[in-house]
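Student: upload_38.cif is the file, holding mmCIF, N, CA and C atoms:
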data_data
#
loop_
_atom_site.label_atom_id
_atom_site.label_comp_id
_atom_site.auth_asym_id
_atom_site.auth_seq_id
_atom_site.Cartn_x
_atom_site.Cartn_y
_atom_site.Cartn_z
N MET A 1 -19.16 44.35 99.73
CA MET A 1 -18.14 44.11 98.74
C MET A 1 -18.73 43.22 97.64
N LEU A 2 -18.52 43.60 96.40
CA LEU A 2 -18.95 42.79 95.28
C LEU A 2 -17.77 42.00 94.75
N SER A 3 -18.01 40.75 94.46
CA SER A 3 -16.95 39.97 93.84
C SER A 3 -17.14 40.01 92.33
N SER A 4 -16.07 39.89 91.59
CA SER A 4 -16.19 39.90 90.14
C SER A 4 -15.81 38.53 89.60
N ILE A 5 -16.47 38.18 88.50
CA ILE A 5 -16.21 36.91 87.84
C ILE A 5 -16.07 37.16 86.36
N GLU A 6 -15.36 36.31 85.67
CA GLU A 6 -15.30 36.42 84.22
C GLU A 6 -16.55 35.75 83.68
N ALA A 7 -17.44 36.56 83.15
CA ALA A 7 -18.75 36.07 82.75
C ALA A 7 -18.84 35.76 81.27
N HIS A 8 -18.30 36.61 80.44
CA HIS A 8 -18.36 36.47 78.99
C HIS A 8 -16.99 36.82 78.41
N THR A 9 -16.77 36.44 77.17
CA THR A 9 -15.50 36.72 76.53
C THR A 9 -15.51 38.01 75.72
N ARG A 10 -16.71 38.60 75.54
CA ARG A 10 -16.83 39.88 74.84
C ARG A 10 -17.82 40.77 75.59
N THR A 11 -18.13 41.92 75.04
CA THR A 11 -18.99 42.91 75.66
C THR A 11 -20.30 42.32 76.16
N ILE A 12 -20.69 42.65 77.39
CA ILE A 12 -22.00 42.27 77.91
C ILE A 12 -22.98 43.36 77.46
N SER A 13 -24.02 42.95 76.75
CA SER A 13 -24.95 43.91 76.17
C SER A 13 -26.19 44.17 77.01
N SER A 14 -26.55 43.22 77.88
CA SER A 14 -27.78 43.37 78.64
C SER A 14 -27.79 42.40 79.81
N ILE A 15 -28.46 42.79 80.89
CA ILE A 15 -28.62 41.94 82.07
C ILE A 15 -30.05 42.10 82.56
N CYS A 16 -30.66 40.98 83.02
CA CYS A 16 -31.99 41.07 83.62
C CYS A 16 -32.09 40.10 84.78
N LEU A 17 -33.03 40.37 85.68
CA LEU A 17 -33.28 39.48 86.80
C LEU A 17 -34.16 38.32 86.37
N ILE A 18 -33.88 37.13 86.89
CA ILE A 18 -34.73 35.96 86.73
C ILE A 18 -34.99 35.43 88.14
N PRO A 19 -36.01 34.57 88.31
CA PRO A 19 -36.37 34.16 89.67
C PRO A 19 -35.22 33.61 90.52
N ASP A 20 -34.29 32.87 89.93
CA ASP A 20 -33.21 32.27 90.73
C ASP A 20 -31.87 32.97 90.57
N GLY A 21 -31.85 34.14 89.93
CA GLY A 21 -30.58 34.86 89.76
C GLY A 21 -30.66 35.93 88.71
N VAL A 22 -29.75 35.88 87.73
CA VAL A 22 -29.72 36.86 86.64
C VAL A 22 -29.44 36.14 85.32
N ALA A 23 -29.77 36.83 84.22
CA ALA A 23 -29.40 36.38 82.89
C ALA A 23 -28.60 37.51 82.24
N SER A 24 -27.61 37.14 81.46
CA SER A 24 -26.79 38.15 80.78
C SER A 24 -26.65 37.78 79.31
N SER A 25 -26.60 38.81 78.47
CA SER A 25 -26.39 38.59 77.03
C SER A 25 -25.09 39.27 76.64
N SER A 26 -24.50 38.77 75.53
CA SER A 26 -23.17 39.27 75.18
C SER A 26 -22.92 39.22 73.68
N HIS A 27 -21.93 39.98 73.28
CA HIS A 27 -21.46 39.95 71.90
C HIS A 27 -20.60 38.71 71.62
N ASP A 28 -20.48 37.82 72.62
CA ASP A 28 -19.79 36.54 72.40
C ASP A 28 -20.75 35.46 71.89
N PHE A 29 -21.96 35.90 71.43
CA PHE A 29 -22.97 35.01 70.83
C PHE A 29 -23.67 34.14 71.87
N THR A 30 -23.69 34.53 73.14
CA THR A 30 -24.34 33.72 74.16
C THR A 30 -25.23 34.54 75.08
N VAL A 31 -26.17 33.81 75.70
CA VAL A 31 -26.91 34.27 76.87
C VAL A 31 -26.55 33.28 77.96
N ARG A 32 -26.34 33.80 79.15
CA ARG A 32 -26.00 32.92 80.27
C ARG A 32 -26.98 33.14 81.42
N ARG A 33 -27.41 32.02 82.01
CA ARG A 33 -28.26 32.05 83.20
C ARG A 33 -27.37 31.83 84.41
N TRP A 34 -27.46 32.73 85.39
CA TRP A 34 -26.62 32.68 86.58
C TRP A 34 -27.50 32.51 87.82
N LYS A 35 -27.03 31.71 88.77
CA LYS A 35 -27.74 31.52 90.02
C LYS A 35 -26.86 31.98 91.17
N LYS A 36 -27.48 32.64 92.13
CA LYS A 36 -26.76 33.05 93.33
C LYS A 36 -26.38 31.79 94.10
N GLU A 37 -25.09 31.66 94.39
CA GLU A 37 -24.60 30.47 95.08
C GLU A 37 -24.94 30.52 96.56
N GLU A 38 -25.16 29.33 97.11
CA GLU A 38 -25.39 29.21 98.55
C GLU A 38 -24.20 29.79 99.29
N GLY A 39 -24.47 30.42 100.39
CA GLY A 39 -23.39 30.99 101.18
C GLY A 39 -23.08 32.43 100.81
N SER A 40 -23.69 32.93 99.73
CA SER A 40 -23.49 34.33 99.39
C SER A 40 -24.14 35.19 100.47
N SER A 41 -23.53 36.30 100.74
CA SER A 41 -24.07 37.19 101.77
C SER A 41 -24.53 38.50 101.12
N GLN A 42 -25.05 39.37 101.95
CA GLN A 42 -25.44 40.69 101.49
C GLN A 42 -24.22 41.48 101.02
N LYS A 43 -23.06 41.17 101.58
CA LYS A 43 -21.85 41.93 101.25
C LYS A 43 -21.10 41.38 100.04
N ALA A 44 -21.16 40.08 99.81
CA ALA A 44 -20.45 39.47 98.67
C ALA A 44 -21.36 38.45 98.01
N ILE A 45 -21.67 38.67 96.76
CA ILE A 45 -22.54 37.78 96.01
C ILE A 45 -21.70 36.93 95.07
N SER A 46 -21.91 35.64 95.11
CA SER A 46 -21.24 34.73 94.18
C SER A 46 -22.28 34.16 93.24
N LEU A 47 -21.96 34.14 91.95
CA LEU A 47 -22.86 33.61 90.94
C LEU A 47 -22.24 32.39 90.27
N LYS A 48 -23.10 31.43 89.94
CA LYS A 48 -22.66 30.23 89.23
C LYS A 48 -23.43 30.16 87.92
N CYS A 49 -22.72 29.94 86.81
CA CYS A 49 -23.38 29.83 85.51
C CYS A 49 -24.08 28.48 85.43
N LEU A 50 -25.40 28.51 85.25
CA LEU A 50 -26.19 27.29 85.17
C LEU A 50 -26.38 26.80 83.74
N LYS A 51 -26.44 27.76 82.81
CA LYS A 51 -26.75 27.38 81.43
C LYS A 51 -26.19 28.42 80.48
N VAL A 52 -25.59 27.95 79.39
CA VAL A 52 -25.13 28.82 78.31
C VAL A 52 -26.05 28.57 77.12
N ILE A 53 -26.69 29.63 76.64
CA ILE A 53 -27.64 29.54 75.53
C ILE A 53 -26.98 30.15 74.31
N PRO A 54 -26.65 29.34 73.30
CA PRO A 54 -25.94 29.87 72.13
C PRO A 54 -26.86 30.58 71.15
N HIS A 55 -26.32 31.61 70.52
CA HIS A 55 -26.94 32.30 69.39
C HIS A 55 -25.99 32.20 68.21
N LYS A 56 -26.45 32.60 67.04
CA LYS A 56 -25.59 32.56 65.85
C LYS A 56 -24.92 33.89 65.56
N ASN A 57 -25.20 34.90 66.39
CA ASN A 57 -24.61 36.22 66.19
C ASN A 57 -24.59 36.97 67.51
N LEU A 58 -24.11 38.23 67.49
CA LEU A 58 -24.05 39.07 68.68
C LEU A 58 -25.42 39.16 69.32
N VAL A 59 -25.53 38.92 70.61
CA VAL A 59 -26.80 39.04 71.32
C VAL A 59 -26.92 40.47 71.83
N THR A 60 -28.01 41.15 71.43
CA THR A 60 -28.13 42.57 71.74
C THR A 60 -29.00 42.88 72.95
N SER A 61 -29.88 41.93 73.34
CA SER A 61 -30.77 42.22 74.46
C SER A 61 -31.29 40.94 75.08
N VAL A 62 -31.53 40.99 76.39
CA VAL A 62 -32.14 39.87 77.11
C VAL A 62 -33.14 40.45 78.12
N LYS A 63 -34.31 39.82 78.18
CA LYS A 63 -35.36 40.21 79.13
C LYS A 63 -35.96 38.93 79.69
N SER A 64 -36.69 39.05 80.80
CA SER A 64 -37.30 37.85 81.38
C SER A 64 -38.76 38.09 81.71
N GLN A 65 -39.49 36.99 81.77
CA GLN A 65 -40.87 36.96 82.24
C GLN A 65 -41.01 35.66 83.00
N GLY A 66 -41.02 35.73 84.32
CA GLY A 66 -40.99 34.51 85.12
C GLY A 66 -39.70 33.77 84.85
N ASP A 67 -39.81 32.47 84.57
CA ASP A 67 -38.62 31.65 84.30
C ASP A 67 -38.15 31.78 82.86
N ALA A 68 -39.00 32.35 81.99
CA ALA A 68 -38.64 32.47 80.56
C ALA A 68 -37.68 33.63 80.35
N VAL A 69 -36.66 33.36 79.51
CA VAL A 69 -35.70 34.39 79.12
C VAL A 69 -35.85 34.61 77.61
N PHE A 70 -36.04 35.87 77.21
CA PHE A 70 -36.19 36.24 75.81
C PHE A 70 -34.92 36.96 75.38
N SER A 71 -34.36 36.55 74.25
CA SER A 71 -33.13 37.19 73.76
C SER A 71 -33.22 37.39 72.26
N ILE A 72 -32.50 38.40 71.77
CA ILE A 72 -32.43 38.66 70.33
C ILE A 72 -30.98 38.86 69.94
N ASP A 73 -30.68 38.50 68.70
CA ASP A 73 -29.33 38.71 68.22
C ASP A 73 -29.32 39.59 66.97
N TRP A 74 -28.13 39.93 66.54
CA TRP A 74 -27.91 40.86 65.44
C TRP A 74 -28.57 40.40 64.15
N GLU A 75 -28.69 39.07 63.94
CA GLU A 75 -29.34 38.54 62.73
C GLU A 75 -30.86 38.59 62.82
N GLY A 76 -31.41 38.93 63.97
CA GLY A 76 -32.85 38.99 64.13
C GLY A 76 -33.47 37.74 64.71
N THR A 77 -32.67 36.84 65.26
CA THR A 77 -33.21 35.65 65.90
C THR A 77 -33.77 36.03 67.27
N ILE A 78 -35.03 35.68 67.49
CA ILE A 78 -35.67 35.89 68.79
C ILE A 78 -35.82 34.51 69.43
N LEU A 79 -35.23 34.34 70.59
CA LEU A 79 -35.20 33.04 71.25
C LEU A 79 -35.82 33.16 72.64
N GLU A 80 -36.75 32.25 72.94
CA GLU A 80 -37.31 32.14 74.29
C GLU A 80 -36.81 30.84 74.89
N THR A 81 -36.21 30.91 76.07
CA THR A 81 -35.73 29.71 76.74
C THR A 81 -36.18 29.74 78.19
N ASP A 82 -36.50 28.56 78.70
CA ASP A 82 -36.74 28.43 80.12
C ASP A 82 -35.81 27.34 80.63
N SER A 83 -36.12 26.76 81.76
CA SER A 83 -35.23 25.75 82.32
C SER A 83 -35.10 24.51 81.43
N ASN A 84 -36.13 24.23 80.62
CA ASN A 84 -36.13 22.99 79.85
C ASN A 84 -36.18 23.15 78.34
N ASP A 85 -36.93 24.12 77.83
CA ASP A 85 -37.21 24.22 76.40
C ASP A 85 -36.73 25.52 75.79
N SER A 86 -36.67 25.53 74.44
CA SER A 86 -36.35 26.74 73.68
C SER A 86 -37.32 26.86 72.52
N LYS A 87 -37.62 28.08 72.14
CA LYS A 87 -38.46 28.34 70.97
C LYS A 87 -37.90 29.54 70.23
N ILE A 88 -37.86 29.43 68.89
CA ILE A 88 -37.44 30.55 68.04
C ILE A 88 -38.70 31.17 67.44
N TYR A 89 -38.80 32.50 67.47
CA TYR A 89 -39.94 33.21 66.92
C TYR A 89 -39.59 33.81 65.57
N PRO A 90 -40.60 33.93 64.70
CA PRO A 90 -40.36 34.54 63.38
C PRO A 90 -40.09 36.02 63.54
N CYS A 91 -39.37 36.56 62.60
CA CYS A 91 -39.03 37.98 62.64
C CYS A 91 -38.89 38.49 61.22
N GLU A 92 -39.32 39.74 60.99
CA GLU A 92 -39.25 40.32 59.66
C GLU A 92 -38.13 41.33 59.53
N ASN A 93 -37.32 41.47 60.54
CA ASN A 93 -36.28 42.49 60.54
C ASN A 93 -35.01 41.86 61.08
N ASP A 94 -33.88 42.08 60.41
CA ASP A 94 -32.64 41.47 60.86
C ASP A 94 -31.73 42.40 61.63
N SER A 95 -32.23 43.56 62.04
CA SER A 95 -31.37 44.47 62.80
C SER A 95 -32.05 44.86 64.11
N LEU A 96 -32.45 43.84 64.88
CA LEU A 96 -33.14 44.10 66.14
C LEU A 96 -32.17 44.57 67.20
N ARG A 97 -32.64 45.48 68.03
CA ARG A 97 -31.82 46.05 69.08
C ARG A 97 -32.31 45.69 70.48
N THR A 98 -33.64 45.71 70.69
CA THR A 98 -34.17 45.50 72.03
C THR A 98 -35.55 44.85 71.96
N LEU A 99 -36.01 44.35 73.09
CA LEU A 99 -37.32 43.73 73.14
C LEU A 99 -37.91 43.81 74.53
N ILE A 100 -39.24 43.63 74.59
CA ILE A 100 -39.95 43.47 75.85
C ILE A 100 -40.99 42.38 75.66
N HIS A 101 -41.42 41.81 76.76
CA HIS A 101 -42.51 40.84 76.76
C HIS A 101 -43.70 41.54 77.40
N TYR A 102 -44.85 41.51 76.72
CA TYR A 102 -46.05 42.16 77.25
C TYR A 102 -47.23 41.26 76.97
N GLU A 103 -47.88 40.78 78.03
CA GLU A 103 -48.97 39.81 77.92
C GLU A 103 -48.49 38.62 77.08
N ASN A 104 -49.15 38.26 76.01
CA ASN A 104 -48.70 37.16 75.16
C ASN A 104 -48.00 37.66 73.90
N LYS A 105 -47.38 38.82 74.00
CA LYS A 105 -46.72 39.43 72.85
C LYS A 105 -45.25 39.69 73.17
N ILE A 106 -44.44 39.65 72.12
CA ILE A 106 -43.05 40.11 72.19
C ILE A 106 -42.99 41.34 71.30
N ILE A 107 -42.51 42.45 71.85
CA ILE A 107 -42.39 43.69 71.08
C ILE A 107 -40.91 43.98 70.91
N THR A 108 -40.49 44.13 69.66
CA THR A 108 -39.07 44.37 69.38
C THR A 108 -38.87 45.76 68.80
N GLY A 109 -37.69 46.29 68.99
CA GLY A 109 -37.29 47.56 68.40
C GLY A 109 -36.01 47.36 67.61
N SER A 110 -35.92 47.98 66.44
CA SER A 110 -34.75 47.78 65.58
C SER A 110 -33.92 49.04 65.49
N TRP A 111 -32.72 48.87 64.93
CA TRP A 111 -31.82 50.01 64.69
C TRP A 111 -32.46 50.98 63.71
N SER A 112 -33.34 50.49 62.82
CA SER A 112 -33.96 51.33 61.79
C SER A 112 -35.19 52.08 62.28
N GLY A 113 -35.59 51.88 63.52
CA GLY A 113 -36.74 52.58 64.07
C GLY A 113 -38.06 51.81 63.95
N MET A 114 -38.02 50.58 63.49
CA MET A 114 -39.24 49.78 63.34
C MET A 114 -39.55 49.02 64.62
N LEU A 115 -40.85 48.98 64.95
CA LEU A 115 -41.33 48.12 66.02
C LEU A 115 -42.00 46.91 65.39
N GLN A 116 -41.86 45.76 66.02
CA GLN A 116 -42.58 44.57 65.59
C GLN A 116 -43.30 43.99 66.80
N VAL A 117 -44.53 43.54 66.58
CA VAL A 117 -45.31 42.90 67.62
C VAL A 117 -45.54 41.46 67.18
N ILE A 118 -45.06 40.51 67.98
CA ILE A 118 -45.16 39.09 67.65
C ILE A 118 -46.09 38.43 68.66
N ASP A 119 -47.14 37.80 68.18
CA ASP A 119 -48.06 37.07 69.03
C ASP A 119 -47.45 35.72 69.35
N ARG A 120 -47.19 35.44 70.62
CA ARG A 120 -46.54 34.19 71.02
C ARG A 120 -47.41 32.97 70.78
N ARG A 121 -48.72 33.15 70.72
CA ARG A 121 -49.61 32.00 70.50
C ARG A 121 -49.72 31.61 69.04
N THR A 122 -49.72 32.62 68.14
CA THR A 122 -49.96 32.35 66.71
C THR A 122 -48.73 32.58 65.85
N ASP A 123 -47.68 33.19 66.38
CA ASP A 123 -46.47 33.59 65.65
C ASP A 123 -46.74 34.67 64.61
N GLU A 124 -47.91 35.32 64.67
CA GLU A 124 -48.23 36.43 63.75
C GLU A 124 -47.34 37.62 64.07
N VAL A 125 -46.81 38.26 63.02
CA VAL A 125 -45.92 39.41 63.17
C VAL A 125 -46.57 40.64 62.53
N LYS A 126 -46.63 41.73 63.30
CA LYS A 126 -47.11 43.01 62.78
C LYS A 126 -45.96 44.01 62.92
N SER A 127 -45.65 44.71 61.83
CA SER A 127 -44.58 45.71 61.85
C SER A 127 -45.17 47.10 61.87
N ILE A 128 -44.53 47.99 62.65
CA ILE A 128 -44.97 49.37 62.77
C ILE A 128 -43.76 50.26 62.46
N LYS A 129 -43.90 51.10 61.43
CA LYS A 129 -42.81 52.01 61.06
C LYS A 129 -43.41 53.40 60.92
N ALA A 130 -42.72 54.40 61.44
CA ALA A 130 -43.20 55.79 61.37
C ALA A 130 -43.21 56.29 59.96
#
Spit out the file's structure as structure tokens when you get a sec.
Tutor:
Amino acid sequence: MLSSIEAHTRTISSICLIPDGVASSSHDFTVRRWKKEEGSSQKAISLKCLKVIPHKNLVTSVKSQGDAVFSIDWEGTILETDSNDSKIYPCENDSLRTLIHYENKIITGSWSGMLQVIDRRTDEVKSIKA
């Protein structure tokens, strides 16, 4: 049996696994980190919200790499957060839809069909359009 909780106030746009639970993104301008509560069983899972990460617009995607959570919003803000710190990455496109983390790069996809590759070490951005 799965239990349900009120997680966000608007549409949930993406969910990903993180080492201690899950992260969810929403059109309520937030990303939330959830931890499986003690006492949860295989039949009923209870989640507790550990952290609410605010954005300035609708959050369209969330992905993880280890403890780091990467999220993007409708304005093109790319945010990396872990348990302690946050970093905003530069972006040349304000209509981002999705992203992945690959090695030391963040690769984004936009509604317009453009890919961007952002080097996490140098913040260099390369855009690829067909």
Student: Compare A:Lys87, A:Arg97, A:Lys105, A:Lys63 by their minimum atom-to-atom distance to Arg120 in chain A, counting all atoms listed in the file, and give me the closest one.
Tutor: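 Checking each candidate against Arg120 in chain A, we get A:Lys105 as the closest.
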Student: Would you give the centre and edge lengths, in Å to one decimal, of a box along x, y and z around the listed atoms of range 52-58 of chain A, with 6 Å added to each side, as lines of an AutoDock Vina configuration file?
Tutor:
center_x = -25.8
center_y = 33.6
center_z = 72.5
size_x = 15.6
size_y = 23.2
size_z = 25.8
Student: What is the CA of Glu75 in chain A-atom C of Phe29 in chain A distance in Å, reported with one decimal?
Tutor: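 Calculated distance between CA of Glu75 in chain A and atom C of Phe29 in chain A is 11.6 Å.
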Student: Here's the selection I'm unsure about, the PyMOL selection byres (((chain A and resi 15 and name CA) around 9) and name CA); applied to the file above, which residues does it give, as a compact mmCIF listing (two decimals) with N, CA and C atoms, in the coordinates of the input?
Tutor:
# COMPACT_ATOMS: atom_id res chain seq x y z
N ILE A 12 -20.69 42.65 77.39
CA ILE A 12 -22.00 42.27 77.91
C ILE A 12 -22.98 43.36 77.46
N SER A 13 -24.02 42.95 76.75
CA SER A 13 -24.95 43.91 76.17
C SER A 13 -26.19 44.17 77.01
N SER A 14 -26.55 43.22 77.88
CA SER A 14 -27.78 43.37 78.64
C SER A 14 -27.79 42.40 79.81
N CYS A 16 -30.66 40.98 83.02
CA CYS A 16 -31.99 41.07 83.62
C CYS A 16 -32.09 40.10 84.78
N LEU A 17 -33.03 40.37 85.68
CA LEU A 17 -33.28 39.48 86.80
C LEU A 17 -34.16 38.32 86.37
N VAL A 22 -29.75 35.88 87.73
CA VAL A 22 -29.72 36.86 86.64
C VAL A 22 -29.44 36.14 85.32
N ALA A 23 -29.77 36.83 84.22
CA ALA A 23 -29.40 36.38 82.89
C ALA A 23 -28.60 37.51 82.24
N SER A 24 -27.61 37.14 81.46
CA SER A 24 -26.79 38.15 80.78
C SER A 24 -26.65 37.78 79.31
N SER A 25 -26.60 38.81 78.47
CA SER A 25 -26.39 38.59 77.03
C SER A 25 -25.09 39.27 76.64
N SER A 61 -29.88 41.93 73.34
CA SER A 61 -30.77 42.22 74.46
C SER A 61 -31.29 40.94 75.08
N VAL A 62 -31.53 40.99 76.39
CA VAL A 62 -32.14 39.87 77.11
C VAL A 62 -33.14 40.45 78.12
N LYS A 63 -34.31 39.82 78.18
CA LYS A 63 -35.36 40.21 79.13
C LYS A 63 -35.96 38.93 79.69
Student: Just to confirm, what's the straight-line distance from atom N of His55 in chain A to atom N of Gly21 in chain A in Å (one decimal)?
Tutor: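 Pair atom N of His55 in chain A / atom N of Gly21 in chain A returns 20.3 Å.
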Student: Taking the backbone alone, and naming residues the way the document does, which bits of chain A are strand (DSSP E) by DSSP, as a VMD selection string?
Tutor: chain A and resid 12 to 18 21 to 26 30 to 36 47 to 54 59 to 65 68 to 73 78 to 81 86 to 89 96 to 102 105 to 110 115 to 119 125 to 128
Student: When distances are computed from only N, CA and C atoms, which of A:Ala68, A:Cys49, A:Leu99, A:Val117 shows the smallest separation from Arg33 in chain A?
Tutor: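 Between A:Ala68, A:Cys49, A:Leu99, A:Val117, the residue approaching Arg33 in chain A most closely is A:Cys49.
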Student: So that I can see what lies close to Trp111 in chain A, please list as a PyMOL selection string the residues with an atom at most 9 Å from it, counting only C-alpha atoms and leaving out residues fewer than 6 positions away in the same chain.
Tutor: chain A and resi 95-98
Student: Show me that you can extract range 5-91 of chain A, keeping C-alpha atoms, and write it as a CSV table (one decimal), in the first residue's frame.
Tutor:
chain,number,residue,atom,x,y,z
A,5,ILE,CA,1.0,13.1,1.0
A,6,GLU,CA,0.4,16.7,-0.1
A,7,ALA,CA,3.8,17.4,-1.6
A,8,HIS,CA,3.4,20.6,-3.7
A,9,THR,CA,0.7,23.2,-4.3
A,10,ARG,CA,0.9,22.9,-8.1
A,11,THR,CA,1.8,20.4,-10.8
A,12,ILE,CA,4.8,18.1,-10.1
A,13,SER,CA,7.0,18.3,-13.1
A,14,SER,CA,9.8,15.8,-12.3
A,15,ILE,CA,11.0,13.3,-9.7
A,16,CYS,CA,14.4,11.7,-9.2
A,17,LEU,CA,16.1,9.5,-6.7
A,18,ILE,CA,18.7,10.9,-4.3
A,19,PRO,CA,20.8,8.8,-1.8
A,20,ASP,CA,18.5,9.4,1.2
A,21,GLY,CA,15.1,9.6,-0.6
A,22,VAL,CA,13.7,11.5,-3.6
A,23,ALA,CA,13.7,15.1,-5.0
A,24,SER,CA,10.6,16.6,-6.7
A,25,SER,CA,10.2,19.7,-8.8
A,26,SER,CA,7.0,21.6,-9.3
A,27,HIS,CA,5.2,24.5,-11.0
A,28,ASP,CA,4.9,26.0,-7.5
A,29,PHE,CA,8.4,27.4,-8.0
A,30,THR,CA,10.1,24.8,-5.7
A,31,VAL,CA,12.2,21.7,-5.5
A,32,ARG,CA,11.8,19.6,-2.5
A,33,ARG,CA,14.1,17.0,-1.0
A,34,TRP,CA,12.3,14.1,0.7
A,35,LYS,CA,13.7,11.4,3.0
A,36,LYS,CA,12.1,8.1,3.7
A,37,GLU,CA,11.0,8.2,7.4
A,38,GLU,CA,12.1,5.6,9.9
A,39,GLY,CA,9.5,2.9,10.3
A,40,SER,CA,8.5,2.9,6.7
A,41,SER,CA,7.9,-0.6,5.4
A,42,GLN,CA,8.0,-2.3,2.0
A,43,LYS,CA,4.2,-1.9,1.9
A,44,ALA,CA,3.8,1.7,3.1
A,45,ILE,CA,6.4,4.4,2.5
A,46,SER,CA,6.3,7.6,4.4
A,47,LEU,CA,8.3,10.6,3.3
A,48,LYS,CA,9.4,13.7,5.2
A,49,CYS,CA,10.3,17.0,3.5
A,50,LEU,CA,13.8,17.9,4.5
A,51,LYS,CA,14.4,21.0,2.4
A,52,VAL,CA,12.5,23.3,0.2
A,53,ILE,CA,14.6,24.9,-2.6
A,54,PRO,CA,13.0,28.0,-4.0
A,55,HIS,CA,13.1,29.1,-7.7
A,56,LYS,CA,11.9,32.3,-9.2
A,57,ASN,CA,9.6,30.5,-11.8
A,58,LEU,CA,8.0,27.2,-12.7
A,59,VAL,CA,10.6,24.4,-12.1
A,60,THR,CA,10.5,22.1,-15.2
A,61,SER,CA,13.1,19.4,-14.3
A,62,VAL,CA,15.1,17.9,-11.5
A,63,LYS,CA,18.0,15.4,-11.7
A,64,SER,CA,20.5,14.1,-9.3
A,65,GLN,CA,24.2,13.1,-9.2
A,66,GLY,CA,25.1,11.7,-5.8
A,67,ASP,CA,23.9,14.2,-3.2
A,68,ALA,CA,23.7,17.0,-5.7
A,69,VAL,CA,20.3,18.0,-7.1
A,70,PHE,CA,20.2,19.9,-10.4
A,71,SER,CA,17.1,21.8,-11.3
A,72,ILE,CA,16.0,24.3,-14.0
A,73,ASP,CA,13.1,26.7,-14.2
A,74,TRP,CA,11.1,28.4,-16.9
A,75,GLU,CA,13.3,31.5,-16.8
A,76,GLY,CA,16.4,29.4,-17.5
A,77,THR,CA,17.9,29.3,-14.0
A,78,ILE,CA,20.0,26.2,-13.5
A,79,LEU,CA,20.5,25.5,-9.8
A,80,GLU,CA,22.8,22.9,-8.2
A,81,THR,CA,22.1,22.2,-4.5
A,82,ASP,CA,23.4,19.6,-2.1
A,83,SER,CA,22.9,19.3,1.7
A,84,ASN,CA,24.8,22.5,2.4
A,85,ASP,CA,25.4,24.7,-0.6
A,86,SER,CA,23.8,26.1,-3.8
A,87,LYS,CA,25.3,27.3,-7.1
A,88,ILE,CA,23.6,29.0,-10.0
A,89,TYR,CA,25.0,28.2,-13.5
A,90,PRO,CA,25.0,30.6,-16.5
A,91,CYS,CA,22.6,29.9,-19.3
